[in-house]
Amino acid sequence: MSADETSEPEREPAEPIELEITDVIDLHSFRPNEVASVVRSYLDAAREAGLRRVRIIHGRGAGVQRLTVRTLLARDPRVRDYGDAPPDAGGWGATWAELD
């Protein structure tokens with residue numbers, strides 16, 4: 001049996017789906033290399049939806065996703081302020097951001 005016969009068939013790219021934009025996004029289902037792009041797109045959509053305060057759930061873990069999110073927020077001119085979510089909303093496993 002050749003390698004071609006055992007490899008999986010090529011898949012068509014997934015069609016984008018429309019999601020309702022809420023004031024919370026959970027990054028657990030995204031790969032680390034997708035986080036910055038996802039957060040940028042989310043901030044665009046949140047502002048367009050008129051949201052002024054959002055919560056980004058990045059998890060506690062080793063802090064890599066938290067650092068990525070916070071670095072992005074610190075550099076984004078649309079972000080007025082940000083910080084740890086309240087304990088009942090994720091604590092240091094989530095970050096709130098206030099948008100202009």
# chains A, B, ... in the order shown; residues from 1 in each chain; ligands from 1
$ residues_around --residues "Asp23 (chain A)" --least-positions-apart "4" --cutoff "12 Å" --atoms "only C-alpha atoms" --output "list in words"
Tyr42, Leu43, Ala45, Ala46, Arg47, Ala49, Gly50, Leu51, Arg52, Arg53, Val54, Arg55, Ile56, Ile57, Thr95, Trp96, Ala97, Glu98 and Leu99 of chain A
$ select_by_dssp --residues "region 9-57 of chain A" --states "strand (DSSP E)" --output "list of chain:residue names"
A:Val24, A:Ile25, A:Asp26, A:Arg53, A:Val54, A:Arg55, A:Ile56, A:Ile57
$ closest_residue --among "A:Ile21, A:Ala85, A:Leu72, A:Ala62" --to "Ala36 (chain A)" --atoms "only C-alpha atoms"
A:Leu72
$ atom_distance --atom1 "CA of Thr71 (chain A)" --atom2 "CA of Glu48 (chain A)"
22.0 Å
$ select_by_dssp --residues "chain A" --states "helix (DSSP H, G or I)" --output "NGL selection string"
:A and (3-6 or 27-29 or 32-48 or 64-75 or 87-89 or 91-93)
$ closest_atom_pairs --of "region 65-88 of chain A" --to "region 31-34 of chain A" --cutoff "12 Å" --atoms "only C-alpha atoms" --output "CSV"
residue,atom,partner,partner_atom,distance
A:Gln65,CA,A:Pro32,CA,6.8
A:Arg66,CA,A:Pro32,CA,10.6
A:Leu67,CA,A:Pro32,CA,11.2
A:Thr68,CA,A:Pro32,CA,8.9
A:Val69,CA,A:Pro32,CA,10.7
$ write_last_selection --atoms "N, CA and C atoms" --output "CSV table (one decimal), in the first residue's frame"
chain,number,residue,atom,x,y,z
A,65,GLN,N,-1.4,32.4,27.0
A,65,GLN,CA,-2.5,33.1,26.3
A,65,GLN,C,-2.8,34.4,27.0
A,66,ARG,N,-2.8,34.5,28.3
A,66,ARG,CA,-3.0,35.7,29.0
A,66,ARG,C,-2.0,36.8,28.6
A,67,LEU,N,-0.8,36.5,28.5
A,67,LEU,CA,0.2,37.4,28.0
A,67,LEU,C,0.0,37.9,26.6
A,68,THR,N,-0.4,37.0,25.7
A,68,THR,CA,-0.7,37.3,24.3
A,68,THR,C,-1.9,38.3,24.3
A,69,VAL,N,-3.0,38.0,25.1
A,69,VAL,CA,-4.1,38.9,25.1
A,69,VAL,C,-3.8,40.2,25.7
$ atom_distance --atom1 "CA of Asp44 (chain A)" --atom2 "CA of His58 (chain A)"
18.2 Å
$ atom_distance --atom1 "CA of Val39 (chain A)" --atom2 "CA of Glu15 (chain A)"
19.8 Å
$ decode --residues "region 1-88 of chain A" --atoms "C-alpha atoms" --output "compact mmCIF listing (two decimals), in the first residue's frame"
# COMPACT_ATOMS: atom_id res chain seq x y z
CA MET A 1 0.00 0.00 0.00
CA SER A 2 1.47 3.37 -0.98
CA ALA A 3 1.49 6.52 1.14
CA ASP A 4 -1.10 8.04 -1.19
CA GLU A 5 -3.53 5.24 -0.44
CA THR A 6 -3.26 5.66 3.33
CA SER A 7 -3.37 9.45 3.53
CA GLU A 8 -6.63 11.22 4.23
CA PRO A 9 -8.40 12.87 1.31
CA GLU A 10 -8.00 16.64 1.05
CA ARG A 11 -10.82 18.53 2.69
CA GLU A 12 -12.54 21.59 1.38
CA PRO A 13 -12.00 24.67 3.55
CA ALA A 14 -14.78 25.11 6.07
CA GLU A 15 -17.36 27.73 5.28
CA PRO A 16 -17.23 30.65 7.71
CA ILE A 17 -20.18 30.74 10.06
CA GLU A 18 -21.85 33.80 11.50
CA LEU A 19 -21.81 33.94 15.29
CA GLU A 20 -23.67 36.33 17.52
CA ILE A 21 -21.18 38.69 19.11
CA THR A 22 -21.62 38.87 22.87
CA ASP A 23 -19.57 40.56 25.56
CA VAL A 24 -17.64 37.32 26.25
CA ILE A 25 -15.28 35.25 24.11
CA ASP A 26 -13.72 31.99 25.30
CA LEU A 27 -10.34 31.25 23.70
CA HIS A 28 -10.08 27.65 24.94
CA SER A 29 -11.11 26.20 21.58
CA PHE A 30 -8.47 28.11 19.60
CA ARG A 31 -4.86 27.15 18.97
CA PRO A 32 -2.24 29.41 20.55
CA ASN A 33 -1.12 30.66 17.13
CA GLU A 34 -4.72 31.75 16.38
CA VAL A 35 -5.33 33.76 19.55
CA ALA A 36 -4.02 37.17 18.43
CA SER A 37 -5.96 37.08 15.18
CA VAL A 38 -9.13 35.88 16.91
CA VAL A 39 -8.93 38.60 19.56
CA ARG A 40 -8.33 41.34 16.96
CA SER A 41 -11.33 40.15 14.93
CA TYR A 42 -13.43 39.88 18.08
CA LEU A 43 -12.57 43.45 19.14
CA ASP A 44 -13.56 44.70 15.66
CA ALA A 45 -16.89 42.86 15.85
CA ALA A 46 -17.53 43.92 19.46
CA ARG A 47 -17.07 47.59 18.62
CA GLU A 48 -19.24 47.23 15.54
CA ALA A 49 -21.93 45.65 17.76
CA GLY A 50 -21.73 48.62 20.13
CA LEU A 51 -20.15 46.73 23.02
CA ARG A 52 -18.03 48.90 25.28
CA ARG A 53 -16.87 46.32 27.82
CA VAL A 54 -15.92 42.75 26.97
CA ARG A 55 -14.47 39.74 28.76
CA ILE A 56 -11.85 37.51 27.14
CA ILE A 57 -11.50 34.08 28.75
CA HIS A 58 -7.96 32.81 28.22
CA GLY A 59 -7.63 30.34 31.10
CA ARG A 60 -5.15 30.20 33.94
CA GLY A 61 -2.55 27.65 32.82
CA ALA A 62 1.02 28.81 32.26
CA GLY A 63 -0.13 32.31 31.32
CA VAL A 64 0.94 32.28 27.67
CA GLN A 65 -2.52 33.10 26.31
CA ARG A 66 -3.01 35.72 29.03
CA LEU A 67 0.24 37.41 28.02
CA THR A 68 -0.73 37.33 24.34
CA VAL A 69 -4.13 38.86 25.10
CA ARG A 70 -2.74 41.54 27.42
CA THR A 71 0.05 42.50 25.02
CA LEU A 72 -2.46 42.90 22.23
CA LEU A 73 -4.83 44.95 24.41
CA ALA A 74 -1.99 47.22 25.59
CA ARG A 75 -1.08 48.06 21.99
CA ASP A 76 -4.61 48.47 20.63
CA PRO A 77 -5.70 52.13 20.49
CA ARG A 78 -9.37 51.07 20.74
CA VAL A 79 -8.79 49.67 24.25
CA ARG A 80 -9.21 52.27 26.99
CA ASP A 81 -8.40 49.98 29.94
CA TYR A 82 -8.20 46.29 30.90
CA GLY A 83 -7.56 44.05 33.89
CA ASP A 84 -8.34 40.78 35.66
CA ALA A 85 -11.98 39.77 35.59
CA PRO A 86 -13.78 39.70 38.95
CA PRO A 87 -13.43 36.39 40.85
CA ASP A 88 -16.98 35.32 39.93
